[in-house]
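A.B. asks: Quick one: the structure is below, questions incoming.
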Amino acid sequence: MRVAHNLSDQRLSPGLYIVATPIGNLGDMTVRAIEVLQRCDLVACEDTRVTGKLLKHLGFSKRLWRYDDYSDETARARLLALMQDSAVALVSDAGTPLVSDPGYRLVRDAREAGIAVTSLPGACAAITALTLSGLPNDRFLFAGFLPTKEKARADVLAGLASVPATLVFYETGPRLVKTLVALAAALPGREVSVARELTKLHEECRTGSPEELAAHYTAHPPRGEIVLLVGPPSSAPPGDLDPDTLLREALATLKPSQAAAQVAKATRLDRKVLYARALELGRP
């Protein structure tokens with residue numbers, strides 16, 4: 001795709017322009033986004049090499065300014081000063097800036113300084129995966145990346161267990177199986193979808209239990225960017241949940257005492273009774 005007309009001599013009004021870029025397929029770049037990138041004075045980006053390649057593909061170049069999670073207050077202040085008289089576009093390497101990407105502090109400071117902020121809708125991996133997964137989408141919670149450490153990850157999942165919505169996470173290939181195992185322990189009985197390589201040639205969206213998906217991706221190590229989605233808690237009344245099924249699922253990754261505590265929370269049944277049953281189920 002190349003730009004059919006040149007608007008680079010038509011300057012934009014000063015301010016900050018949040019521009020979404022493709023998450024894979026370059027055909028997803030919007031006409032408005034191309035025009036803003038053409039007409040702006042400066043593009044703030046995570047990686048100048050990545051953004052440089054995108055602009056080259058579009059058929060023009062711009063002054064690039066690296067702005068990422070490691071940029072300090074001085075760099076942010078310089079960008080804000082430029083916005084007083086110049087149009088600055090903010091992009092991430094892929095998708096919509098600020099959605100688990102740099103930009104939150106820059107946008108907040110720009111608004112506090114009275115600088116005009118304009119956001120252009122476009123590609124977003126979280127929304128694309130949500131619409132593709134088939135999981136309930138009337139209510140969802142985007143939770144970004146889970147912690148890498150086991151206890152911190154378990155604590156976060158425990159805090160999200162009762163949220164009556166589909167949970168959306170970003171994940172990496174090397175961490176996916178460990179996260180699926182953690183989901184099996186913390187959120188038993190949930191339907192899970194793994195969406196990866198979205199909009200690309202080898203796009204995949206696989207749905208199942210976390211145990212099934214962990215087994216699949218152990219045998220087939222995943223590549224590419226991943227969106228992990230977890231269906232909401234069962235709408236069935238506590239009495240309709242089969243405690244033995246829940247205990248067996250929990251015992252796959254937890255000790256009997258932990259499994260009993262988890263199922264007690266889900267079903268409101270007596271923990272001591274569940275613990276005794278867990279011991280029975282766990283016997284060879």
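Starting from 1 in every chain, residues are counted up; chains themselves are A, B, ... following the order of the structure tokens, and ligands are numbered from 1 as listed.
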List the neighbours of region 46-55 of chain A out to 10 Å using only C-alpha atoms; skip same-chain residues closer than 4 positions along the sequence, and give me the result as a VMD selection string.

C.D. replies: chain A and resid 2 21 to 22 26 29 34 37 to 38 59 to 71 90 to 94 97 101 to 103

A.B. asks: With N, CA and C atoms retained, write the just-selected residues as a PDB file, in the first residue's frame.

C.D. replies:
ATOM      1  N   ARG A   2       0.602   2.157  -0.913  1.00  0.00           N
ATOM      2  CA  ARG A   2       1.323   3.411  -0.932  1.00  0.00           C
ATOM      3  C   ARG A   2       0.337   4.571  -0.973  1.00  0.00           C
ATOM      4  N   THR A  21      -1.052   1.879  14.693  1.00  0.00           N
ATOM      5  CA  THR A  21      -0.386   1.289  13.527  1.00  0.00           C
ATOM      6  C   THR A  21      -0.750  -0.195  13.440  1.00  0.00           C
ATOM      7  N   PRO A  22      -0.536  -0.850  12.300  1.00  0.00           N
ATOM      8  CA  PRO A  22      -0.946  -2.245  12.139  1.00  0.00           C
ATOM      9  C   PRO A  22      -0.279  -3.181  13.146  1.00  0.00           C
ATOM     10  N   LEU A  26      -0.175  -4.820   7.015  1.00  0.00           N
ATOM     11  CA  LEU A  26       0.017  -3.391   6.775  1.00  0.00           C
ATOM     12  C   LEU A  26      -1.176  -2.748   6.084  1.00  0.00           C
ATOM     13  N   MET A  29      -3.576  -0.137   8.040  1.00  0.00           N
ATOM     14  CA  MET A  29      -3.265   1.267   8.301  1.00  0.00           C
ATOM     15  C   MET A  29      -4.394   2.124   7.736  1.00  0.00           C
ATOM     16  N   ILE A  34      -2.450   7.648   7.991  1.00  0.00           N
ATOM     17  CA  ILE A  34      -1.410   7.970   7.005  1.00  0.00           C
ATOM     18  C   ILE A  34      -1.307   9.481   6.817  1.00  0.00           C
ATOM     19  N   LEU A  37       0.409  11.116   9.821  1.00  0.00           N
ATOM     20  CA  LEU A  37       1.850  10.866   9.809  1.00  0.00           C
ATOM     21  C   LEU A  37       2.537  11.685   8.716  1.00  0.00           C
ATOM     22  N   GLN A  38       1.876  11.887   7.604  1.00  0.00           N
ATOM     23  CA  GLN A  38       2.436  12.716   6.537  1.00  0.00           C
ATOM     24  C   GLN A  38       2.544  14.175   6.954  1.00  0.00           C
ATOM     25  N   GLY A  59       5.837   5.309   1.827  1.00  0.00           N
ATOM     26  CA  GLY A  59       6.350   6.161   0.769  1.00  0.00           C
ATOM     27  C   GLY A  59       6.816   7.533   1.187  1.00  0.00           C
ATOM     28  N   PHE A  60       7.080   7.736   2.471  1.00  0.00           N
ATOM     29  CA  PHE A  60       7.610   9.034   2.915  1.00  0.00           C
ATOM     30  C   PHE A  60       8.440   8.844   4.178  1.00  0.00           C
ATOM     31  N   SER A  61       9.113   9.884   4.591  1.00  0.00           N
ATOM     32  CA  SER A  61       9.925   9.836   5.800  1.00  0.00           C
ATOM     33  C   SER A  61       9.566  11.009   6.691  1.00  0.00           C
ATOM     34  N   LYS A  62       9.923  10.899   7.972  1.00  0.00           N
ATOM     35  CA  LYS A  62       9.653  11.945   8.947  1.00  0.00           C
ATOM     36  C   LYS A  62      10.771  11.973   9.971  1.00  0.00           C
ATOM     37  N   ARG A  63      10.861  13.070  10.659  1.00  0.00           N
ATOM     38  CA  ARG A  63      11.782  13.138  11.790  1.00  0.00           C
ATOM     39  C   ARG A  63      11.248  12.228  12.890  1.00  0.00           C
ATOM     40  N   LEU A  64      12.094  11.311  13.367  1.00  0.00           N
ATOM     41  CA  LEU A  64      11.681  10.346  14.380  1.00  0.00           C
ATOM     42  C   LEU A  64      12.352  10.657  15.711  1.00  0.00           C
ATOM     43  N   TRP A  65      11.596  10.464  16.775  1.00  0.00           N
ATOM     44  CA  TRP A  65      12.079  10.727  18.131  1.00  0.00           C
ATOM     45  C   TRP A  65      11.769   9.499  18.974  1.00  0.00           C
ATOM     46  N   ARG A  66      12.788   8.879  19.521  1.00  0.00           N
ATOM     47  CA  ARG A  66      12.542   7.688  20.326  1.00  0.00           C
ATOM     48  C   ARG A  66      11.883   8.059  21.645  1.00  0.00           C
ATOM     49  N   TYR A  67      10.750   7.408  21.925  1.00  0.00           N
ATOM     50  CA  TYR A  67      10.060   7.594  23.200  1.00  0.00           C
ATOM     51  C   TYR A  67       9.530   6.239  23.633  1.00  0.00           C
ATOM     52  N   ASP A  68      10.059   5.708  24.734  1.00  0.00           N
ATOM     53  CA  ASP A  68       9.636   4.390  25.202  1.00  0.00           C
ATOM     54  C   ASP A  68       9.511   4.379  26.725  1.00  0.00           C
ATOM     55  N   ASP A  69       9.374   3.199  27.300  1.00  0.00           N
ATOM     56  CA  ASP A  69       9.178   3.074  28.752  1.00  0.00           C
ATOM     57  C   ASP A  69      10.374   3.573  29.550  1.00  0.00           C
ATOM     58  N   TYR A  70      11.510   3.696  28.905  1.00  0.00           N
ATOM     59  CA  TYR A  70      12.722   4.111  29.605  1.00  0.00           C
ATOM     60  C   TYR A  70      13.000   5.608  29.459  1.00  0.00           C
ATOM     61  N   SER A  71      12.171   6.306  28.705  1.00  0.00           N
ATOM     62  CA  SER A  71      12.363   7.751  28.542  1.00  0.00           C
ATOM     63  C   SER A  71      12.110   8.468  29.862  1.00  0.00           C
ATOM     64  N   LEU A  90       2.292  10.229  18.085  1.00  0.00           N
ATOM     65  CA  LEU A  90       2.809   9.181  18.960  1.00  0.00           C
ATOM     66  C   LEU A  90       2.370   7.831  18.409  1.00  0.00           C
ATOM     67  N   VAL A  91       3.339   6.949  18.147  1.00  0.00           N
ATOM     68  CA  VAL A  91       3.022   5.594  17.689  1.00  0.00           C
ATOM     69  C   VAL A  91       3.782   4.597  18.556  1.00  0.00           C
ATOM     70  N   SER A  92       3.295   3.361  18.596  1.00  0.00           N
ATOM     71  CA  SER A  92       4.039   2.263  19.206  1.00  0.00           C
ATOM     72  C   SER A  92       4.513   1.356  18.078  1.00  0.00           C
ATOM     73  N   ASP A  93       5.247   0.315  18.403  1.00  0.00           N
ATOM     74  CA  ASP A  93       5.742  -0.576  17.355  1.00  0.00           C
ATOM     75  C   ASP A  93       4.602  -1.253  16.604  1.00  0.00           C
ATOM     76  N   ALA A  94       3.500  -1.492  17.299  1.00  0.00           N
ATOM     77  CA  ALA A  94       2.334  -2.122  16.667  1.00  0.00           C
ATOM     78  C   ALA A  94       1.107  -1.872  17.517  1.00  0.00           C
ATOM     79  N   PRO A  97      -1.167   2.949  20.726  1.00  0.00           N
ATOM     80  CA  PRO A  97      -0.313   3.399  21.832  1.00  0.00           C
ATOM     81  C   PRO A  97      -1.081   3.454  23.147  1.00  0.00           C
ATOM     82  N   ASP A 101       1.589  -0.188  26.098  1.00  0.00           N
ATOM     83  CA  ASP A 101       2.700   0.443  25.391  1.00  0.00           C
ATOM     84  C   ASP A 101       2.931   1.832  25.987  1.00  0.00           C
ATOM     85  N   PRO A 102       4.084   2.439  25.695  1.00  0.00           N
ATOM     86  CA  PRO A 102       4.393   3.747  26.276  1.00  0.00           C
ATOM     87  C   PRO A 102       3.382   4.820  25.870  1.00  0.00           C
ATOM     88  N   GLY A 103       3.262   5.849  26.703  1.00  0.00           N
ATOM     89  CA  GLY A 103       2.456   7.006  26.331  1.00  0.00           C
ATOM     90  C   GLY A 103       1.563   7.558  27.407  1.00  0.00           C
TER      91      GLY A 103
END

A.B. asks: Give me every helix (DSSP H, G or I) residue in region 90-130 of chain A, going by DSSP on the backbone, as number ranges by chain.

C.D. replies: A: 104-112, 125-130

A.B. asks: Write out the residues from the selection above, keeping all heavy atoms, as a compact mmCIF listing (two decimals), in the first residue's frame.

C.D. replies:
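The result, stored in part_4.txt:
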# COMPACT_ATOMS: atom_id res chain seq x y z
N TYR A 104 1.28 6.77 28.45
CA TYR A 104 0.34 7.22 29.47
C TYR A 104 0.77 8.55 30.09
O TYR A 104 -0.02 9.50 30.16
CB TYR A 104 0.20 6.15 30.55
CG TYR A 104 -0.42 6.65 31.84
CD1 TYR A 104 -1.78 6.93 31.93
CD2 TYR A 104 0.37 6.86 32.98
CE1 TYR A 104 -2.34 7.41 33.09
CE2 TYR A 104 -0.19 7.33 34.15
CZ TYR A 104 -1.54 7.60 34.20
OH TYR A 104 -2.09 8.08 35.37
N ARG A 105 2.02 8.63 30.54
CA ARG A 105 2.48 9.86 31.20
C ARG A 105 2.52 11.04 30.23
O ARG A 105 2.21 12.18 30.59
CB ARG A 105 3.86 9.63 31.82
CG ARG A 105 3.86 8.64 32.98
CD ARG A 105 5.25 8.53 33.60
NE ARG A 105 5.28 7.57 34.69
CZ ARG A 105 5.49 6.27 34.54
NH1 ARG A 105 5.69 5.78 33.32
NH2 ARG A 105 5.50 5.45 35.57
N LEU A 106 2.89 10.74 28.99
CA LEU A 106 2.97 11.81 27.99
C LEU A 106 1.58 12.40 27.74
O LEU A 106 1.41 13.62 27.69
CB LEU A 106 3.54 11.25 26.69
CG LEU A 106 3.80 12.27 25.58
CD1 LEU A 106 4.86 13.28 26.00
CD2 LEU A 106 4.22 11.57 24.29
N VAL A 107 0.58 11.56 27.58
CA VAL A 107 -0.79 12.04 27.34
C VAL A 107 -1.31 12.78 28.56
O VAL A 107 -1.92 13.86 28.45
CB VAL A 107 -1.72 10.87 26.97
CG1 VAL A 107 -3.18 11.32 26.93
CG2 VAL A 107 -1.32 10.27 25.63
N ARG A 108 -1.07 12.23 29.74
CA ARG A 108 -1.55 12.88 30.96
C ARG A 108 -0.93 14.26 31.13
O ARG A 108 -1.62 15.24 31.43
CB ARG A 108 -1.24 12.00 32.17
CG ARG A 108 -1.86 12.49 33.46
CD ARG A 108 -1.63 11.50 34.59
NE ARG A 108 -2.26 11.92 35.82
CZ ARG A 108 -3.53 11.71 36.14
NH1 ARG A 108 -4.29 11.05 35.29
NH2 ARG A 108 -4.03 12.13 37.27
N ASP A 109 0.39 14.35 30.93
CA ASP A 109 1.08 15.64 31.08
C ASP A 109 0.63 16.63 30.00
O ASP A 109 0.53 17.84 30.27
CB ASP A 109 2.59 15.44 31.02
CG ASP A 109 3.14 14.76 32.27
OD1 ASP A 109 2.35 14.52 33.20
OD2 ASP A 109 4.35 14.45 32.30
N ALA A 110 0.39 16.13 28.79
CA ALA A 110 -0.07 17.02 27.71
C ALA A 110 -1.43 17.62 28.06
O ALA A 110 -1.66 18.82 27.89
CB ALA A 110 -0.14 16.25 26.39
N ARG A 111 -2.33 16.81 28.57
CA ARG A 111 -3.65 17.31 28.93
C ARG A 111 -3.57 18.31 30.08
O ARG A 111 -4.26 19.32 30.08
CB ARG A 111 -4.57 16.14 29.30
CG ARG A 111 -4.89 15.23 28.11
CD ARG A 111 -5.84 14.11 28.51
NE ARG A 111 -7.12 14.64 28.95
CZ ARG A 111 -8.12 14.97 28.14
NH1 ARG A 111 -7.99 14.82 26.83
NH2 ARG A 111 -9.25 15.44 28.62
N GLU A 112 -2.71 18.00 31.05
CA GLU A 112 -2.56 18.94 32.18
C GLU A 112 -1.97 20.27 31.74
O GLU A 112 -2.24 21.31 32.34
CB GLU A 112 -1.69 18.29 33.26
CG GLU A 112 -2.37 17.15 34.00
CD GLU A 112 -1.49 16.54 35.07
OE1 GLU A 112 -0.30 16.93 35.15
OE2 GLU A 112 -1.98 15.67 35.82
N ALA A 125 -4.62 -5.25 19.26
CA ALA A 125 -4.61 -6.71 19.38
C ALA A 125 -5.66 -7.21 20.35
O ALA A 125 -6.30 -8.24 20.11
CB ALA A 125 -3.22 -7.17 19.81
N ALA A 126 -5.87 -6.51 21.46
CA ALA A 126 -6.82 -6.96 22.47
C ALA A 126 -8.24 -7.03 21.91
O ALA A 126 -8.96 -8.01 22.10
CB ALA A 126 -6.78 -6.03 23.68
N ILE A 127 -8.65 -5.99 21.19
CA ILE A 127 -10.00 -5.95 20.64
C ILE A 127 -10.14 -6.95 19.50
O ILE A 127 -11.17 -7.64 19.38
CB ILE A 127 -10.34 -4.53 20.15
CG1 ILE A 127 -10.28 -3.54 21.33
CG2 ILE A 127 -11.71 -4.50 19.50
CD1 ILE A 127 -11.23 -3.86 22.46
N THR A 128 -9.12 -7.07 18.67
CA THR A 128 -9.17 -8.03 17.57
C THR A 128 -9.34 -9.45 18.10
O THR A 128 -10.16 -10.23 17.61
CB THR A 128 -7.89 -7.93 16.73
OG1 THR A 128 -7.74 -6.60 16.23
CG2 THR A 128 -7.93 -8.90 15.55
N ALA A 129 -8.56 -9.80 19.13
CA ALA A 129 -8.64 -11.14 19.72
C ALA A 129 -10.00 -11.37 20.37
O ALA A 129 -10.57 -12.46 20.28
CB ALA A 129 -7.52 -11.32 20.74
N LEU A 130 -10.53 -10.36 21.04
CA LEU A 130 -11.81 -10.50 21.72
C LEU A 130 -12.92 -10.81 20.73
O LEU A 130 -13.76 -11.68 20.96
CB LEU A 130 -12.12 -9.22 22.49
CG LEU A 130 -13.39 -9.23 23.34
CD1 LEU A 130 -13.26 -10.20 24.50
CD2 LEU A 130 -13.69 -7.83 23.86

A.B. asks: What's the 8 Å shell around Thr199 (chain A), counting only C-alpha atoms, without same-chain residues fewer than 4 positions away, as a VMD selection string?

C.D. replies: chain A and resid 23 to 25 203

A.B. asks: Which neighbours of Ser193 (chain A) fall inside 12 Å, counting only C-alpha atoms, when residues of the same chain fewer than 2 positions from it are skipped, and could you give them as JSON, numbers by chain?

C.D. replies: {"A": [129, 130, 131, 132, 133, 134, 135, 136, 166, 167, 168, 169, 170, 176, 180, 183, 190, 191, 195, 196, 204, 205, 206, 207, 208, 209, 210, 211, 212, 213, 214, 226, 227, 228, 229, 230, 231]}

A.B. asks: Would you put the residues from that selection into a file with N, CA and C atoms, as a short mmCIF file (atom, residue, chain, number, x, y, z; two decimals), in the first residue's frame?

C.D. replies:
data_model
loop_
_atom_site.label_atom_id
_atom_site.label_comp_id
_atom_site.auth_asym_id
_atom_site.auth_seq_id
_atom_site.Cartn_x
_atom_site.Cartn_y
_atom_site.Cartn_z
N ALA A 129 -8.56 -9.80 19.13
CA ALA A 129 -8.64 -11.14 19.72
C ALA A 129 -10.00 -11.37 20.37
N LEU A 130 -10.53 -10.36 21.04
CA LEU A 130 -11.81 -10.50 21.72
C LEU A 130 -12.92 -10.81 20.73
N THR A 131 -12.92 -10.12 19.60
CA THR A 131 -13.97 -10.35 18.61
C THR A 131 -13.79 -11.69 17.90
N LEU A 132 -12.56 -12.19 17.86
CA LEU A 132 -12.27 -13.44 17.16
C LEU A 132 -12.53 -14.67 18.02
N SER A 133 -12.41 -14.52 19.33
CA SER A 133 -12.39 -15.66 20.25
C SER A 133 -13.72 -16.38 20.41
N GLY A 134 -14.82 -15.66 20.27
CA GLY A 134 -16.12 -16.26 20.53
C GLY A 134 -16.48 -16.26 22.01
N LEU A 135 -15.63 -15.72 22.86
CA LEU A 135 -15.94 -15.60 24.28
C LEU A 135 -16.86 -14.40 24.50
N PRO A 136 -17.59 -14.37 25.62
CA PRO A 136 -18.50 -13.24 25.87
C PRO A 136 -17.77 -11.91 25.77
N THR A 166 -15.03 -11.30 30.71
CA THR A 166 -13.92 -11.97 30.03
C THR A 166 -12.64 -11.20 30.33
N LEU A 167 -11.59 -11.92 30.71
CA LEU A 167 -10.30 -11.31 31.04
C LEU A 167 -9.40 -11.38 29.80
N VAL A 168 -8.72 -10.29 29.53
CA VAL A 168 -7.85 -10.21 28.36
C VAL A 168 -6.43 -9.87 28.81
N PHE A 169 -5.48 -10.71 28.44
CA PHE A 169 -4.07 -10.50 28.79
C PHE A 169 -3.22 -10.51 27.53
N TYR A 170 -2.06 -9.85 27.60
CA TYR A 170 -1.03 -10.03 26.59
C TYR A 170 -0.02 -11.01 27.15
N LEU A 176 3.90 -18.64 27.80
CA LEU A 176 2.51 -19.02 27.65
C LEU A 176 2.13 -20.26 28.45
N LEU A 180 -0.71 -20.64 31.37
CA LEU A 180 -1.87 -21.53 31.25
C LEU A 180 -1.98 -22.47 32.45
N LEU A 183 -3.37 -20.46 35.23
CA LEU A 183 -4.81 -20.26 35.04
C LEU A 183 -5.60 -21.49 35.47
N ARG A 190 -12.64 -22.59 33.60
CA ARG A 190 -12.88 -21.48 32.67
C ARG A 190 -12.53 -21.89 31.24
N GLU A 191 -13.24 -21.30 30.30
CA GLU A 191 -12.90 -21.46 28.88
C GLU A 191 -11.82 -20.43 28.54
N ALA A 195 -4.99 -16.39 21.15
CA ALA A 195 -4.98 -15.78 19.82
C ALA A 195 -3.58 -15.28 19.54
N ARG A 196 -3.02 -15.69 18.44
CA ARG A 196 -1.65 -15.26 18.14
C ARG A 196 -1.48 -14.99 16.65
N GLU A 204 -3.87 -17.60 14.34
CA GLU A 204 -4.47 -18.75 15.02
C GLU A 204 -5.27 -18.28 16.22
N CYS A 205 -6.42 -18.89 16.42
CA CYS A 205 -7.19 -18.68 17.65
C CYS A 205 -7.68 -20.04 18.11
N ARG A 206 -7.11 -20.52 19.20
CA ARG A 206 -7.41 -21.86 19.70
C ARG A 206 -8.10 -21.73 21.06
N THR A 207 -9.21 -22.45 21.23
CA THR A 207 -10.00 -22.36 22.45
C THR A 207 -10.12 -23.72 23.11
N GLY A 208 -10.10 -23.73 24.45
CA GLY A 208 -10.25 -24.96 25.21
C GLY A 208 -10.04 -24.70 26.68
N SER A 209 -9.82 -25.76 27.44
CA SER A 209 -9.49 -25.58 28.86
C SER A 209 -8.01 -25.20 28.95
N PRO A 210 -7.61 -24.56 30.05
CA PRO A 210 -6.18 -24.23 30.18
C PRO A 210 -5.29 -25.46 30.16
N GLU A 211 -5.79 -26.58 30.69
CA GLU A 211 -5.00 -27.82 30.68
C GLU A 211 -4.79 -28.31 29.25
N GLU A 212 -5.86 -28.29 28.45
CA GLU A 212 -5.74 -28.72 27.06
C GLU A 212 -4.79 -27.84 26.27
N LEU A 213 -4.91 -26.55 26.48
CA LEU A 213 -4.07 -25.61 25.75
C LEU A 213 -2.61 -25.71 26.19
N ALA A 214 -2.39 -25.93 27.49
CA ALA A 214 -1.02 -26.09 27.99
C ALA A 214 -0.37 -27.31 27.36
N ILE A 226 0.99 -12.77 21.44
CA ILE A 226 -0.14 -13.59 21.90
C ILE A 226 -1.11 -12.75 22.73
N VAL A 227 -2.39 -12.97 22.49
CA VAL A 227 -3.44 -12.44 23.36
C VAL A 227 -4.11 -13.64 24.01
N LEU A 228 -4.19 -13.62 25.32
CA LEU A 228 -4.77 -14.71 26.10
C LEU A 228 -6.08 -14.22 26.70
N LEU A 229 -7.16 -14.97 26.44
CA LEU A 229 -8.48 -14.56 26.92
C LEU A 229 -9.07 -15.64 27.80
N VAL A 230 -9.69 -15.22 28.91
CA VAL A 230 -10.28 -16.16 29.87
C VAL A 230 -11.75 -15.81 30.04
N GLY A 231 -12.60 -16.78 29.79
CA GLY A 231 -14.04 -16.55 29.92
C GLY A 231 -14.44 -16.19 31.34
#

A.B. asks: Run DSSP on the backbone of this structure and report the residues of region 158-257 of chain A it assigns to strand (DSSP E), as an mmCIF file with N, CA, C and O atoms, in the first residue's frame.

C.D. replies:
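Okay, states_1.cif is ready:
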data_model
loop_
_atom_site.group_PDB
_atom_site.id
_atom_site.type_symbol
_atom_site.label_atom_id
_atom_site.label_comp_id
_atom_site.auth_asym_id
_atom_site.auth_seq_id
_atom_site.Cartn_x
_atom_site.Cartn_y
_atom_site.Cartn_z
ATOM 1 N N THR A 166 -15.029 -11.297 30.713
ATOM 2 C CA THR A 166 -13.921 -11.965 30.028
ATOM 3 C C THR A 166 -12.638 -11.195 30.331
ATOM 4 O O THR A 166 -12.606 -9.967 30.249
ATOM 5 N N LEU A 167 -11.593 -11.917 30.711
ATOM 6 C CA LEU A 167 -10.301 -11.312 31.038
ATOM 7 C C LEU A 167 -9.401 -11.376 29.802
ATOM 8 O O LEU A 167 -9.341 -12.401 29.122
ATOM 9 N N VAL A 168 -8.716 -10.290 29.527
ATOM 10 C CA VAL A 168 -7.846 -10.212 28.356
ATOM 11 C C VAL A 168 -6.428 -9.868 28.806
ATOM 12 O O VAL A 168 -6.215 -8.856 29.492
ATOM 13 N N PHE A 169 -5.478 -10.712 28.438
ATOM 14 C CA PHE A 169 -4.073 -10.503 28.789
ATOM 15 C C PHE A 169 -3.219 -10.507 27.528
ATOM 16 O O PHE A 169 -3.579 -11.131 26.519
ATOM 17 N N TYR A 170 -2.063 -9.854 27.604
ATOM 18 C CA TYR A 170 -1.033 -10.025 26.592
ATOM 19 C C TYR A 170 -0.019 -11.014 27.146
ATOM 20 O O TYR A 170 0.247 -11.050 28.359
ATOM 21 N N GLU A 171 0.554 -11.830 26.279
ATOM 22 C CA GLU A 171 1.514 -12.831 26.732
ATOM 23 C C GLU A 171 2.564 -13.066 25.665
ATOM 24 O O GLU A 171 2.374 -12.692 24.496
ATOM 25 N N VAL A 192 -10.800 -20.864 27.836
ATOM 26 C CA VAL A 192 -9.659 -20.003 27.535
ATOM 27 C C VAL A 192 -9.406 -20.006 26.033
ATOM 28 O O VAL A 192 -9.553 -21.034 25.364
ATOM 29 N N SER A 193 -9.025 -18.849 25.497
ATOM 30 C CA SER A 193 -8.637 -18.743 24.091
ATOM 31 C C SER A 193 -7.225 -18.177 23.989
ATOM 32 O O SER A 193 -6.860 -17.261 24.741
ATOM 33 N N VAL A 194 -6.466 -18.718 23.071
ATOM 34 C CA VAL A 194 -5.133 -18.210 22.757
ATOM 35 C C VAL A 194 -5.178 -17.692 21.324
ATOM 36 O O VAL A 194 -5.397 -18.465 20.385
ATOM 37 N N ALA A 195 -4.989 -16.393 21.150
ATOM 38 C CA ALA A 195 -4.979 -15.784 19.821
ATOM 39 C C ALA A 195 -3.577 -15.276 19.540
ATOM 40 O O ALA A 195 -3.009 -14.526 20.347
ATOM 41 N N ARG A 196 -3.016 -15.685 18.439
ATOM 42 C CA ARG A 196 -1.648 -15.262 18.144
ATOM 43 C C ARG A 196 -1.475 -14.986 16.648
ATOM 44 O O ARG A 196 -2.274 -15.428 15.827
ATOM 45 N N GLU A 204 -3.870 -17.599 14.342
ATOM 46 C CA GLU A 204 -4.469 -18.750 15.019
ATOM 47 C C GLU A 204 -5.272 -18.283 16.217
ATOM 48 O O GLU A 204 -4.850 -17.390 16.946
ATOM 49 N N CYS A 205 -6.422 -18.894 16.425
ATOM 50 C CA CYS A 205 -7.194 -18.678 17.647
ATOM 51 C C CYS A 205 -7.683 -20.039 18.112
ATOM 52 O O CYS A 205 -8.549 -20.646 17.490
ATOM 53 N N ARG A 206 -7.110 -20.521 19.195
ATOM 54 C CA ARG A 206 -7.408 -21.864 19.700
ATOM 55 C C ARG A 206 -8.097 -21.731 21.060
ATOM 56 O O ARG A 206 -7.615 -21.007 21.935
ATOM 57 N N THR A 207 -9.205 -22.452 21.231
ATOM 58 C CA THR A 207 -9.999 -22.355 22.454
ATOM 59 C C THR A 207 -10.125 -23.723 23.114
ATOM 60 O O THR A 207 -10.239 -24.740 22.446
ATOM 61 N N GLY A 208 -10.099 -23.726 24.452
ATOM 62 C CA GLY A 208 -10.253 -24.964 25.207
ATOM 63 C C GLY A 208 -10.040 -24.702 26.681
ATOM 64 O O GLY A 208 -10.031 -23.549 27.129
ATOM 65 N N ILE A 226 0.991 -12.769 21.439
ATOM 66 C CA ILE A 226 -0.137 -13.586 21.899
ATOM 67 C C ILE A 226 -1.109 -12.750 22.735
ATOM 68 O O ILE A 226 -0.696 -11.942 23.570
ATOM 69 N N VAL A 227 -2.395 -12.967 22.488
ATOM 70 C CA VAL A 227 -3.438 -12.438 23.363
ATOM 71 C C VAL A 227 -4.108 -13.644 24.015
ATOM 72 O O VAL A 227 -4.521 -14.579 23.332
ATOM 73 N N LEU A 228 -4.190 -13.616 25.324
ATOM 74 C CA LEU A 228 -4.768 -14.714 26.097
ATOM 75 C C LEU A 228 -6.080 -14.225 26.699
ATOM 76 O O LEU A 228 -6.116 -13.196 27.380
ATOM 77 N N LEU A 229 -7.163 -14.966 26.444
ATOM 78 C CA LEU A 229 -8.484 -14.559 26.918
ATOM 79 C C LEU A 229 -9.070 -15.642 27.804
ATOM 80 O O LEU A 229 -8.965 -16.831 27.494
ATOM 81 N N VAL A 230 -9.695 -15.225 28.908
ATOM 82 C CA VAL A 230 -10.283 -16.159 29.871
ATOM 83 C C VAL A 230 -11.754 -15.805 30.036
ATOM 84 O O VAL A 230 -12.102 -14.675 30.388
#

A.B. asks: Measuring between only C-alpha atoms, which one of A:His202, A:Leu279, A:Arg39, A:Asp244 shows the shortest distance to Ser257 (chain A)?

C.D. replies: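 Checking each candidate against Ser257 (chain A), we get A:Leu279 as the closest.
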
A.B. asks: Might you pull out every residue within 9 Å of Arg277 (chain A), with only C-alpha atoms counted and same-chain residues fewer than 3 positions away left off, and present them as a ChimeraX atom specification?

C.D. replies: /A:244,247,256,260,272-274,280-282

A.B. asks: Applying 12 Å and only C-alpha atoms, which residues near Leu82 (chain A) remain after dropping the ones on its own chain fewer than 2 positions away? List them as a ChimeraX atom specification.

C.D. replies: /A:14-16,40-44,65,75-80,84-89,110,115

A.B. asks: When you count only C-alpha atoms, which of these residues is closest to Ala182 (chain A): A:Leu254, A:Gly122, A:Pro164, A:Thr74?

C.D. replies: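 For Ala182 (chain A), the nearest of the given residues is A:Leu254.
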
A.B. asks: Would you mind reading off the distance between CA of Glu197 (chain A) and CA of Asp138 (chain A), one decimal, in Å?

C.D. replies: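 Straight-line distance from CA of Glu197 (chain A) to CA of Asp138 (chain A) works out to 24.2 Å.
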
A.B. asks: Using only C-alpha atoms, which protein or nucleic acid residues come within 8 Å of Ala252 (chain A)? Drop anything in the same chain fewer than 3 positions from it, and give the result as a PDB file with C-alpha atoms, in the first residue's frame.

C.D. replies:
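Okay, around-v7.pdb is ready:
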ATOM      1  CA  ALA A 185      -4.885 -23.556  39.234  1.00  0.00           C
ATOM      2  CA  ARG A 248     -10.001 -33.044  40.014  1.00  0.00           C
ATOM      3  CA  GLU A 249      -9.161 -30.044  37.867  1.00  0.00           C
TER       4      GLU A 249
END
